[in-house]
file final-v5.pdb (PDB, C-alpha atoms, pLDDT in the B column)
ATOM      1  CA  MET A   1      18.815  19.504   7.280  1.00 95.00           C
ATOM      2  CA  GLU A   2      15.436  21.178   6.996  1.00 97.00           C
ATOM      3  CA  TYR A   3      13.745  17.988   5.803  1.00 98.00           C
ATOM      4  CA  THR A   4      15.100  16.085   8.817  1.00 98.00           C
ATOM      5  CA  VAL A   5      13.769  18.718  11.210  1.00 98.00           C
ATOM      6  CA  LEU A   6      10.368  18.960   9.512  1.00 98.00           C
ATOM      7  CA  ALA A   7       9.905  15.185   9.405  1.00 98.00           C
ATOM      8  CA  VAL A   8      10.615  14.813  13.133  1.00 98.00           C
ATOM      9  CA  LEU A   9       8.364  17.789  13.969  1.00 98.00           C
ATOM     10  CA  ALA A  10       5.551  16.378  11.814  1.00 98.00           C
ATOM     11  CA  LEU A  11       5.613  13.030  13.583  1.00 98.00           C
ATOM     12  CA  ALA A  12       5.808  14.666  17.024  1.00 98.00           C
ATOM     13  CA  GLY A  13       2.954  16.978  16.027  1.00 98.00           C
ATOM     14  CA  VAL A  14       0.701  14.117  14.954  1.00 98.00           C
ATOM     15  CA  VAL A  15       1.397  12.206  18.182  1.00 98.00           C
ATOM     16  CA  ALA A  16       0.643  15.375  20.168  1.00 98.00           C
ATOM     17  CA  VAL A  17      -2.635  15.946  18.294  1.00 98.00           C
ATOM     18  CA  GLU A  18      -3.741  12.416  19.175  1.00 98.00           C
ATOM     19  CA  LEU A  19      -2.672  12.438  22.829  1.00 98.00           C
ATOM     20  CA  ALA A  20      -3.635  15.978  23.759  1.00 98.00           C
ATOM     21  CA  TRP A  21      -6.626  16.680  21.555  1.00 97.00           C
ATOM     22  CA  LEU A  22      -8.417  14.036  19.517  1.00 97.00           C
ATOM     23  CA  ARG A  23      -7.812  11.084  21.889  1.00 97.00           C
ATOM     24  CA  THR A  24      -9.040   8.280  19.669  1.00 97.00           C
ATOM     25  CA  ALA A  25      -6.907   5.819  21.687  1.00 97.00           C
ATOM     26  CA  ILE A  26      -5.585   4.458  18.404  1.00 98.00           C
ATOM     27  CA  PHE A  27      -2.129   3.883  19.927  1.00 98.00           C
ATOM     28  CA  ARG A  28      -3.668   1.333  22.301  1.00 98.00           C
ATOM     29  CA  ARG A  29      -5.170  -0.715  19.467  1.00 97.00           C
ATOM     30  CA  PRO A  30      -3.105  -3.703  18.302  1.00 98.00           C
ATOM     31  CA  SER A  31      -4.724  -3.212  14.862  1.00 98.00           C
ATOM     32  CA  TYR A  32      -2.893   0.108  14.505  1.00 98.00           C
ATOM     33  CA  TRP A  33       0.528  -1.409  15.198  1.00 98.00           C
ATOM     34  CA  VAL A  34      -0.062  -4.457  12.996  1.00 98.00           C
ATOM     35  CA  ALA A  35      -1.256  -2.188  10.166  1.00 98.00           C
ATOM     36  CA  MET A  36       1.803   0.047  10.596  1.00 98.00           C
ATOM     37  CA  ALA A  37       4.103  -2.976  10.320  1.00 98.00           C
ATOM     38  CA  ILE A  38       2.410  -3.988   7.062  1.00 98.00           C
ATOM     39  CA  VAL A  39       2.481  -0.404   5.767  1.00 98.00           C
ATOM     40  CA  LEU A  40       6.180  -0.182   6.647  1.00 98.00           C
ATOM     41  CA  PHE A  41       6.922  -3.307   4.606  1.00 98.00           C
ATOM     42  CA  PHE A  42       5.162  -1.896   1.550  1.00 98.00           C
ATOM     43  CA  GLN A  43       6.686   1.548   2.086  1.00 98.00           C
ATOM     44  CA  VAL A  44      10.119  -0.006   1.713  1.00 98.00           C
ATOM     45  CA  LEU A  45       9.083  -1.445  -1.657  1.00 98.00           C
ATOM     46  CA  VAL A  46       7.376   1.679  -3.022  1.00 98.00           C
ATOM     47  CA  ASP A  47       9.730   4.233  -1.471  1.00 98.00           C
ATOM     48  CA  GLY A  48      12.689   2.090  -2.451  1.00 98.00           C
ATOM     49  CA  TRP A  49      11.543   2.347  -6.052  1.00 98.00           C
ATOM     50  CA  LEU A  50      10.958   6.126  -5.792  1.00 98.00           C
ATOM     51  CA  THR A  51      14.367   6.863  -4.269  1.00 98.00           C
ATOM     52  CA  LYS A  52      16.753   4.314  -5.794  1.00 98.00           C
ATOM     53  CA  LEU A  53      19.863   6.236  -6.763  1.00 98.00           C
ATOM     54  CA  SER A  54      20.392   4.177  -9.934  1.00 98.00           C
ATOM     55  CA  ALA A  55      17.209   5.660 -11.458  1.00 98.00           C
ATOM     56  CA  PRO A  56      15.583   7.995  -8.923  1.00 98.00           C
ATOM     57  CA  ILE A  57      12.084   9.394  -9.390  1.00 98.00           C
ATOM     58  CA  VAL A  58      12.492  11.750  -6.421  1.00 98.00           C
ATOM     59  CA  LEU A  59      15.829  13.527  -5.952  1.00 98.00           C
ATOM     60  CA  TYR A  60      16.770  14.641  -2.433  1.00 98.00           C
ATOM     61  CA  ASN A  61      18.963  17.661  -1.792  1.00 98.00           C
ATOM     62  CA  PRO A  62      21.894  16.235   0.213  1.00 98.00           C
ATOM     63  CA  ASN A  63      22.100  19.459   2.242  1.00 97.00           C
ATOM     64  CA  GLU A  64      18.567  19.073   3.596  1.00 98.00           C
ATOM     65  CA  HIS A  65      18.649  15.600   5.145  1.00 97.00           C
ATOM     66  CA  THR A  66      21.058  13.452   7.137  1.00 97.00           C
ATOM     67  CA  GLY A  67      22.120  11.397   4.152  1.00 96.00           C
ATOM     68  CA  TRP A  68      21.374   8.208   6.083  1.00 98.00           C
ATOM     69  CA  ARG A  69      19.650   5.825   3.709  1.00 97.00           C
ATOM     70  CA  PHE A  70      18.241   2.412   4.664  1.00 97.00           C
ATOM     71  CA  PRO A  71      17.537  -0.024   3.191  1.00 97.00           C
ATOM     72  CA  TRP A  72      18.753   0.562  -0.332  1.00 97.00           C
ATOM     73  CA  ASP A  73      18.630   4.322  -0.896  1.00 98.00           C
ATOM     74  CA  ILE A  74      15.593   5.321   1.176  1.00 98.00           C
ATOM     75  CA  PRO A  75      16.284   8.472   3.248  1.00 98.00           C
ATOM     76  CA  VAL A  76      15.513   7.555   6.878  1.00 98.00           C
ATOM     77  CA  GLU A  77      13.499  10.775   7.192  1.00 98.00           C
ATOM     78  CA  ASP A  78      10.904   9.213   4.886  1.00 98.00           C
ATOM     79  CA  TYR A  79       9.842   6.828   7.672  1.00 98.00           C
ATOM     80  CA  ALA A  80       8.896   9.678   9.993  1.00 98.00           C
ATOM     81  CA  TYR A  81       7.189  11.409   7.073  1.00 98.00           C
ATOM     82  CA  GLY A  82       5.177   8.331   6.100  1.00 98.00           C
ATOM     83  CA  LEU A  83       4.282   7.434   9.673  1.00 98.00           C
ATOM     84  CA  ALA A  84       3.095  10.993  10.321  1.00 98.00           C
ATOM     85  CA  LEU A  85       0.953  11.009   7.166  1.00 98.00           C
ATOM     86  CA  ILE A  86      -0.684   7.623   7.681  1.00 98.00           C
ATOM     87  CA  THR A  87      -1.168   8.051  11.434  1.00 98.00           C
ATOM     88  CA  LEU A  88      -2.853  11.439  10.962  1.00 98.00           C
ATOM     89  CA  VAL A  89      -5.220   9.929   8.392  1.00 98.00           C
ATOM     90  CA  LEU A  90      -6.098   6.983  10.640  1.00 98.00           C
ATOM     91  CA  ILE A  91      -6.733   9.278  13.636  1.00 98.00           C
ATOM     92  CA  LEU A  92      -9.060  11.465  11.579  1.00 98.00           C
ATOM     93  CA  TRP A  93     -10.748   8.360  10.125  1.00 98.00           C
ATOM     94  CA  GLU A  94     -11.489   7.093  13.636  1.00 97.00           C
ATOM     95  CA  ARG A  95     -12.649  10.535  14.670  1.00 96.00           C
ATOM     96  CA  ALA A  96     -14.932  10.819  11.628  1.00 95.00           C
ATOM     97  CA  GLY A  97     -16.402   7.420  12.455  1.00 89.00           C
ATOM     98  CA  ASP A  98     -17.933   8.900  15.581  1.00 67.00           C
ATOM     99  CA  THR A  99     -19.760  11.652  13.742  1.00 73.00           C
ATOM    100  CA  VAL A 100     -20.353  10.656  10.134  1.00 67.00           C
ATOM    101  CA  THR A 101     -23.081   8.206   9.284  1.00 69.00           C
ATOM    102  CA  ASP A 102     -22.094   6.874   5.899  1.00 73.00           C
ATOM    103  CA  ASP A 103     -24.105   4.621   3.644  1.00 55.00           C
ATOM    104  CA  ALA A 104     -24.166   1.066   4.968  1.00 47.00           C
TER     105      ALA A 104
ATOM    106  CA  MET B   1       6.273   5.129 -20.995  1.00 87.00           C
ATOM    107  CA  ASP B   2       9.105   6.174 -18.673  1.00 95.00           C
ATOM    108  CA  ARG B   3       7.480   9.486 -17.894  1.00 97.00           C
ATOM    109  CA  PHE B   4       4.429   7.706 -16.507  1.00 98.00           C
ATOM    110  CA  GLN B   5       6.514   5.688 -14.063  1.00 98.00           C
ATOM    111  CA  TYR B   6       5.534   7.656 -10.937  1.00 98.00           C
ATOM    112  CA  LEU B   7       1.836   7.695 -11.893  1.00 98.00           C
ATOM    113  CA  LEU B   8       1.876   3.992 -12.757  1.00 98.00           C
ATOM    114  CA  LEU B   9       3.478   3.216  -9.392  1.00 98.00           C
ATOM    115  CA  MET B  10       0.567   4.996  -7.684  1.00 98.00           C
ATOM    116  CA  GLY B  11      -1.912   3.137  -9.889  1.00 98.00           C
ATOM    117  CA  GLY B  12      -0.235  -0.126  -8.914  1.00 98.00           C
ATOM    118  CA  CYS B  13      -0.675   0.744  -5.234  1.00 98.00           C
ATOM    119  CA  LEU B  14      -4.402   1.263  -5.778  1.00 98.00           C
ATOM    120  CA  LEU B  15      -4.748  -1.994  -7.694  1.00 98.00           C
ATOM    121  CA  ILE B  16      -2.825  -4.124  -5.233  1.00 98.00           C
ATOM    122  CA  THR B  17      -4.862  -2.830  -2.261  1.00 98.00           C
ATOM    123  CA  LEU B  18      -8.259  -3.132  -3.979  1.00 98.00           C
ATOM    124  CA  PRO B  19      -8.814  -6.756  -2.837  1.00 98.00           C
ATOM    125  CA  LEU B  20      -8.695  -5.511   0.768  1.00 98.00           C
ATOM    126  CA  GLU B  21     -11.953  -3.684   0.073  1.00 98.00           C
ATOM    127  CA  PHE B  22     -13.764  -6.582  -1.527  1.00 96.00           C
ATOM    128  CA  VAL B  23     -12.136  -9.757  -0.212  1.00 97.00           C
ATOM    129  CA  LEU B  24     -11.424  -8.654   3.361  1.00 96.00           C
ATOM    130  CA  ARG B  25     -14.346  -6.177   3.349  1.00 96.00           C
ATOM    131  CA  ALA B  26     -12.336  -3.215   4.625  1.00 97.00           C
ATOM    132  CA  ARG B  27     -15.186  -0.906   3.511  1.00 96.00           C
ATOM    133  CA  VAL B  28     -13.090   2.197   2.909  1.00 97.00           C
ATOM    134  CA  TRP B  29     -14.109   3.003  -0.671  1.00 97.00           C
ATOM    135  CA  ARG B  30     -17.722   2.350   0.307  1.00 96.00           C
ATOM    136  CA  ARG B  31     -17.683   4.992   3.030  1.00 96.00           C
ATOM    137  CA  PRO B  32     -16.920   8.040   0.849  1.00 96.00           C
ATOM    138  CA  ARG B  33     -18.143  10.693   3.284  1.00 96.00           C
ATOM    139  CA  ARG B  34     -16.003   9.341   6.095  1.00 97.00           C
ATOM    140  CA  LEU B  35     -13.101   9.006   3.639  1.00 97.00           C
ATOM    141  CA  VAL B  36     -13.352  12.665   2.651  1.00 97.00           C
ATOM    142  CA  ARG B  37     -13.554  13.667   6.324  1.00 97.00           C
ATOM    143  CA  ALA B  38     -10.358  11.741   7.046  1.00 98.00           C
ATOM    144  CA  LEU B  39      -8.401  12.844   3.996  1.00 98.00           C
ATOM    145  CA  TRP B  40      -8.991  16.518   3.366  1.00 98.00           C
ATOM    146  CA  LEU B  41      -6.872  17.932   6.173  1.00 98.00           C
ATOM    147  CA  PRO B  42      -3.823  15.662   5.673  1.00 98.00           C
ATOM    148  CA  VAL B  43      -3.956  16.340   1.922  1.00 98.00           C
ATOM    149  CA  VAL B  44      -3.987  20.123   2.500  1.00 98.00           C
ATOM    150  CA  VAL B  45      -1.184  19.976   5.091  1.00 98.00           C
ATOM    151  CA  PHE B  46       1.060  17.685   3.066  1.00 98.00           C
ATOM    152  CA  VAL B  47       0.465  19.578  -0.189  1.00 98.00           C
ATOM    153  CA  ILE B  48       1.525  22.806   1.547  1.00 98.00           C
ATOM    154  CA  TRP B  49       4.591  21.032   2.964  1.00 98.00           C
ATOM    155  CA  ASP B  50       5.362  19.694  -0.516  1.00 98.00           C
ATOM    156  CA  VAL B  51       5.049  23.120  -2.153  1.00 98.00           C
ATOM    157  CA  VAL B  52       7.404  24.601   0.462  1.00 98.00           C
ATOM    158  CA  ALA B  53       9.842  21.674   0.132  1.00 98.00           C
ATOM    159  CA  ILE B  54       9.909  22.013  -3.661  1.00 98.00           C
ATOM    160  CA  ALA B  55      10.375  25.791  -3.443  1.00 98.00           C
ATOM    161  CA  ARG B  56      13.206  25.395  -0.925  1.00 98.00           C
ATOM    162  CA  ASP B  57      14.748  22.543  -2.909  1.00 98.00           C
ATOM    163  CA  HIS B  58      14.446  19.864  -0.252  1.00 98.00           C
ATOM    164  CA  TRP B  59      13.569  17.526  -3.091  1.00 98.00           C
ATOM    165  CA  SER B  60      12.845  17.588  -6.794  1.00 98.00           C
ATOM    166  CA  PHE B  61      11.570  15.209  -9.443  1.00 98.00           C
ATOM    167  CA  ASN B  62      13.401  13.409 -12.180  1.00 98.00           C
ATOM    168  CA  GLU B  63      11.782  14.771 -15.334  1.00 97.00           C
ATOM    169  CA  ARG B  64      12.412  11.448 -17.009  1.00 98.00           C
ATOM    170  CA  TYR B  65       9.887   9.672 -14.768  1.00 98.00           C
ATOM    171  CA  VAL B  66       7.138  12.274 -14.322  1.00 98.00           C
ATOM    172  CA  THR B  67       4.565  13.499 -16.840  1.00 98.00           C
ATOM    173  CA  GLY B  68       5.453  17.173 -16.476  1.00 98.00           C
ATOM    174  CA  TRP B  69       1.784  17.920 -15.743  1.00 98.00           C
ATOM    175  CA  GLU B  70       1.938  20.479 -12.977  1.00 98.00           C
ATOM    176  CA  LEU B  71      -0.590  22.115 -10.684  1.00 98.00           C
ATOM    177  CA  PRO B  72      -0.074  25.669  -9.365  1.00 97.00           C
ATOM    178  CA  PHE B  73       3.098  26.255  -7.296  1.00 97.00           C
ATOM    179  CA  ASP B  74       5.071  23.730  -9.393  1.00 97.00           C
ATOM    180  CA  LEU B  75       3.292  20.794  -7.773  1.00 98.00           C
ATOM    181  CA  PRO B  76       3.475  17.713 -10.023  1.00 98.00           C
ATOM    182  CA  VAL B  77       0.104  15.924 -10.364  1.00 98.00           C
ATOM    183  CA  GLU B  78       1.966  12.803  -9.263  1.00 98.00           C
ATOM    184  CA  GLU B  79       2.480  14.331  -5.832  1.00 98.00           C
ATOM    185  CA  LEU B  80      -1.233  15.086  -5.403  1.00 98.00           C
ATOM    186  CA  SER B  81      -1.972  11.504  -6.459  1.00 98.00           C
ATOM    187  CA  PHE B  82       0.510  10.301  -3.822  1.00 98.00           C
ATOM    188  CA  PHE B  83      -1.319  12.190  -1.049  1.00 98.00           C
ATOM    189  CA  LEU B  84      -4.601  10.552  -2.078  1.00 98.00           C
ATOM    190  CA  VAL B  85      -3.403   7.043  -2.926  1.00 98.00           C
ATOM    191  CA  ILE B  86      -1.005   6.323  -0.057  1.00 98.00           C
ATOM    192  CA  PRO B  87      -3.455   7.308   2.723  1.00 98.00           C
ATOM    193  CA  ILE B  88      -6.173   5.185   1.089  1.00 98.00           C
ATOM    194  CA  CYS B  89      -3.761   2.224   1.001  1.00 98.00           C
ATOM    195  CA  GLY B  90      -3.038   2.824   4.699  1.00 98.00           C
ATOM    196  CA  LEU B  91      -6.744   2.991   5.552  1.00 98.00           C
ATOM    197  CA  LEU B  92      -7.489  -0.196   3.615  1.00 98.00           C
ATOM    198  CA  THR B  93      -4.676  -1.964   5.456  1.00 98.00           C
ATOM    199  CA  TYR B  94      -5.883  -0.713   8.841  1.00 98.00           C
ATOM    200  CA  GLU B  95      -9.519  -1.627   8.244  1.00 98.00           C
ATOM    201  CA  ALA B  96      -8.586  -5.042   6.857  1.00 98.00           C
ATOM    202  CA  VAL B  97      -6.434  -5.738   9.926  1.00 98.00           C
ATOM    203  CA  LYS B  98      -9.314  -4.618  12.182  1.00 97.00           C
ATOM    204  CA  ARG B  99     -11.645  -7.012  10.367  1.00 96.00           C
ATOM    205  CA  ILE B 100      -9.275  -9.882  11.039  1.00 96.00           C
ATOM    206  CA  ILE B 101      -8.103  -9.300  14.612  1.00 95.00           C
ATOM    207  CA  GLU B 102     -10.922  -7.343  16.273  1.00 92.00           C
ATOM    208  CA  ARG B 103     -13.562 -10.034  15.942  1.00 76.00           C
TER     209      ARG B 103
END
call {"tool": "encode", "arguments": {"input": "final-v5.pdb", "output": "C-alpha cells"}}
result
Amino acid sequence: MEYTVLAVLALAGVVAVELAWLRTAIFRRPSYWVAMAIVLFFQVLVDGWLTKLSAPIVLYNPNEHTGWRFPWDIPVEDYAYGLALITLVLILWERAGDTVTDDA
Amino acid sequence: MDRFQYLLLMGGCLLITLPLEFVLRARVWRRPRRLVRALWLPVVVFVIWDVVAIARDHWSFNERYVTGWELPFDLPVEELSFFLVIPICGLLTYEAVKRIIER
C-alpha cells in the first residue's frame, strides 16, 4: 500500500506547506474551490481513460494501493495525488505573483 | 497510432484548455517567468516520486499505448509531459475562474 501512504502524505504535506509556511490564503478563495471542482470533473475523464481496465495506459500494482476504484477504474489514491499536484502548483503560482514581474 | 495514445491525450488536454488563455484571458501562457517559477519545484518533486514509484513497481505503463521513448531512470517522456501539461491545465482553470468570479 505504498502508493496509498505516499498519496495521503503528499496531500498532507502540501496543505502543511501552505498553512505553516507560504500562507497564500488560497484555501480561503472561492476561486480555488471552484477551480478544483472543475479540475476534478476533467480528472475523472482523463484519469478514467488512463486507468480503464479494459485497455489501461497506466497499470497499478494491486499490492501498492487499496484497490478501491471510483468511478470506473480510477484508483481513489489518484484524487489525493492530483489534488496535491495541482494545489502545490497554484500555491507557488500565487507566491510567484508577489515577486515576479512578468511581461504585461 | 496506438502507441501515441498517452501523448495524444496530453496534447488534447493542452488544446481543450487553450481557449481559457485567449477567450477568458487567463494569461498563464503569457506569463512565462511566473509559470516557470510555479512549475519547476512540483515537476522535480513529482518526477522523483515517479522514478521511485516505477522502480518500486507501484505502477507501470502499457507498452501498447506509450512511445517507448524514455528519459534516464526509465521515465517515459509521456510522464514528463503529464507533469507539465496537467499543472498548466489547472493553472488555466484557476485563472479563468478568478477572471470570472473575482471581478
call {"tool": "interface_residues", "arguments": {"input": "final-v5.pdb", "of": "chain B", "to": "chain A", "cutoff": "10 Å", "atoms": "only C-alpha atoms", "output": "tab-separated table (two decimals) with C-alpha atoms, in the frame of the given file"}}
result
chain	number	residue	atom	x	y	z
B	3	ARG	CA	7.48	9.49	-17.89
B	5	GLN	CA	6.51	5.69	-14.06
B	6	TYR	CA	5.53	7.66	-10.94
B	9	LEU	CA	3.48	3.22	-9.39
B	10	MET	CA	0.57	5.00	-7.68
B	12	GLY	CA	-0.24	-0.13	-8.91
B	13	CYS	CA	-0.68	0.74	-5.23
B	27	ARG	CA	-15.19	-0.91	3.51
B	28	VAL	CA	-13.09	2.20	2.91
B	30	ARG	CA	-17.72	2.35	0.31
B	31	ARG	CA	-17.68	4.99	3.03
B	32	PRO	CA	-16.92	8.04	0.85
B	33	ARG	CA	-18.14	10.69	3.28
B	34	ARG	CA	-16.00	9.34	6.10
B	35	LEU	CA	-13.10	9.01	3.64
B	36	VAL	CA	-13.35	12.66	2.65
B	37	ARG	CA	-13.55	13.67	6.32
B	38	ALA	CA	-10.36	11.74	7.05
B	39	LEU	CA	-8.40	12.84	4.00
B	40	TRP	CA	-8.99	16.52	3.37
B	41	LEU	CA	-6.87	17.93	6.17
B	42	PRO	CA	-3.82	15.66	5.67
B	43	VAL	CA	-3.96	16.34	1.92
B	45	VAL	CA	-1.18	19.98	5.09
B	46	PHE	CA	1.06	17.68	3.07
B	49	TRP	CA	4.59	21.03	2.96
B	53	ALA	CA	9.84	21.67	0.13
B	56	ARG	CA	13.21	25.40	-0.92
B	57	ASP	CA	14.75	22.54	-2.91
B	58	HIS	CA	14.45	19.86	-0.25
B	59	TRP	CA	13.57	17.53	-3.09
B	60	SER	CA	12.84	17.59	-6.79
B	61	PHE	CA	11.57	15.21	-9.44
B	62	ASN	CA	13.40	13.41	-12.18
B	63	GLU	CA	11.78	14.77	-15.33
B	64	ARG	CA	12.41	11.45	-17.01
B	65	TYR	CA	9.89	9.67	-14.77
B	66	VAL	CA	7.14	12.27	-14.32
B	83	PHE	CA	-1.32	12.19	-1.05
B	86	ILE	CA	-1.00	6.32	-0.06
B	87	PRO	CA	-3.46	7.31	2.72
B	88	ILE	CA	-6.17	5.18	1.09
B	89	CYS	CA	-3.76	2.22	1.00
B	90	GLY	CA	-3.04	2.82	4.70
B	91	LEU	CA	-6.74	2.99	5.55
B	92	LEU	CA	-7.49	-0.20	3.62
B	93	THR	CA	-4.68	-1.96	5.46
B	94	TYR	CA	-5.88	-0.71	8.84
B	95	GLU	CA	-9.52	-1.63	8.24
B	96	ALA	CA	-8.59	-5.04	6.86
B	97	VAL	CA	-6.43	-5.74	9.93
B	98	LYS	CA	-9.31	-4.62	12.18
B	99	ARG	CA	-11.64	-7.01	10.37
B	100	ILE	CA	-9.28	-9.88	11.04
B	101	ILE	CA	-8.10	-9.30	14.61
B	102	GLU	CA	-10.92	-7.34	16.27
call {"tool": "residues_around", "arguments": {"input": "final-v5.pdb", "residues": "segment 69-73 of chain B", "least_positions_apart": "2", "cutoff": "10 Å", "atoms": "only C-alpha atoms", "output": "list in words"}}
result
Ile48, Asp50, Val51, Val52, Ile54, Ala55, Val66, Thr67, Leu75, Pro76, Val77, Glu78, Glu79 and Leu80 of chain B
call {"tool": "axis_aligned_box", "arguments": {"input": "final-v5.pdb", "around": "segment 9-23 of chain B", "padding_each_side": "5 Å", "output": "JSON"}}
result
{"center_x": -5.1, "center_y": -2.4, "center_z": -4.6, "size_x": 27.2, "size_y": 24.8, "size_z": 20.7}
call {"tool": "atom_distance", "arguments": {"input": "final-v5.pdb", "atom1": "atom CA of Phe4 of chain B", "atom2": "atom CA of Pro71 of chain A"}}
result
24.9 Å
call {"tool": "atom_distance", "arguments": {"input": "final-v5.pdb", "atom1": "atom CA of Phe70 of chain A", "atom2": "atom CA of Gly68 of chain B"}}
result
28.8 Å
call {"tool": "build_atoms", "arguments": {"input": "final-v5.pdb", "residues": "segment 47-61 of chain A", "atoms": "N, CA and C atoms", "output": "PDB file, keeping the file's coordinate frame"}}
result
ATOM      1  N   ASP A  47       8.773   3.149  -1.682  1.00 98.00           N
ATOM      2  CA  ASP A  47       9.730   4.233  -1.471  1.00 98.00           C
ATOM      3  C   ASP A  47      11.105   3.839  -2.024  1.00 98.00           C
ATOM      4  N   GLY A  48      11.426   2.568  -1.890  1.00 98.00           N
ATOM      5  CA  GLY A  48      12.689   2.090  -2.451  1.00 98.00           C
ATOM      6  C   GLY A  48      12.746   2.326  -3.954  1.00 98.00           C
ATOM      7  N   TRP A  49      11.606   2.104  -4.610  1.00 98.00           N
ATOM      8  CA  TRP A  49      11.543   2.347  -6.052  1.00 98.00           C
ATOM      9  C   TRP A  49      11.652   3.841  -6.359  1.00 98.00           C
ATOM     10  N   LEU A  50      10.960   4.675  -5.555  1.00 98.00           N
ATOM     11  CA  LEU A  50      10.958   6.126  -5.792  1.00 98.00           C
ATOM     12  C   LEU A  50      12.344   6.748  -5.608  1.00 98.00           C
ATOM     13  N   THR A  51      13.138   6.181  -4.695  1.00 98.00           N
ATOM     14  CA  THR A  51      14.367   6.863  -4.269  1.00 98.00           C
ATOM     15  C   THR A  51      15.655   6.185  -4.741  1.00 98.00           C
ATOM     16  N   LYS A  52      15.528   5.057  -5.426  1.00 98.00           N
ATOM     17  CA  LYS A  52      16.753   4.314  -5.794  1.00 98.00           C
ATOM     18  C   LYS A  52      17.682   5.205  -6.626  1.00 98.00           C
ATOM     19  N   LEU A  53      18.918   5.286  -6.173  1.00 98.00           N
ATOM     20  CA  LEU A  53      19.863   6.236  -6.763  1.00 98.00           C
ATOM     21  C   LEU A  53      20.264   5.854  -8.185  1.00 98.00           C
ATOM     22  N   SER A  54      20.044   4.589  -8.570  1.00 98.00           N
ATOM     23  CA  SER A  54      20.392   4.177  -9.934  1.00 98.00           C
ATOM     24  C   SER A  54      19.449   4.781 -10.968  1.00 98.00           C
ATOM     25  N   ALA A  55      18.185   5.035 -10.560  1.00 98.00           N
ATOM     26  CA  ALA A  55      17.209   5.660 -11.458  1.00 98.00           C
ATOM     27  C   ALA A  55      16.132   6.333 -10.616  1.00 98.00           C
ATOM     28  N   PRO A  56      16.505   7.403  -9.897  1.00 98.00           N
ATOM     29  CA  PRO A  56      15.583   7.995  -8.923  1.00 98.00           C
ATOM     30  C   PRO A  56      14.421   8.721  -9.588  1.00 98.00           C
ATOM     31  N   ILE A  57      13.231   8.581  -8.968  1.00 98.00           N
ATOM     32  CA  ILE A  57      12.084   9.394  -9.390  1.00 98.00           C
ATOM     33  C   ILE A  57      12.093  10.686  -8.590  1.00 98.00           C
ATOM     34  N   VAL A  58      12.376  10.570  -7.278  1.00 98.00           N
ATOM     35  CA  VAL A  58      12.492  11.750  -6.421  1.00 98.00           C
ATOM     36  C   VAL A  58      13.969  11.943  -6.069  1.00 98.00           C
ATOM     37  N   LEU A  59      14.423  13.195  -6.226  1.00 98.00           N
ATOM     38  CA  LEU A  59      15.829  13.527  -5.952  1.00 98.00           C
ATOM     39  C   LEU A  59      15.891  14.373  -4.688  1.00 98.00           C
ATOM     40  N   TYR A  60      16.687  13.928  -3.705  1.00 98.00           N
ATOM     41  CA  TYR A  60      16.770  14.641  -2.433  1.00 98.00           C
ATOM     42  C   TYR A  60      18.018  15.513  -2.404  1.00 98.00           C
ATOM     43  N   ASN A  61      17.835  16.747  -1.956  1.00 98.00           N
ATOM     44  CA  ASN A  61      18.963  17.661  -1.792  1.00 98.00           C
ATOM     45  C   ASN A  61      19.814  17.183  -0.612  1.00 98.00           C
TER      46      ASN A  61
END
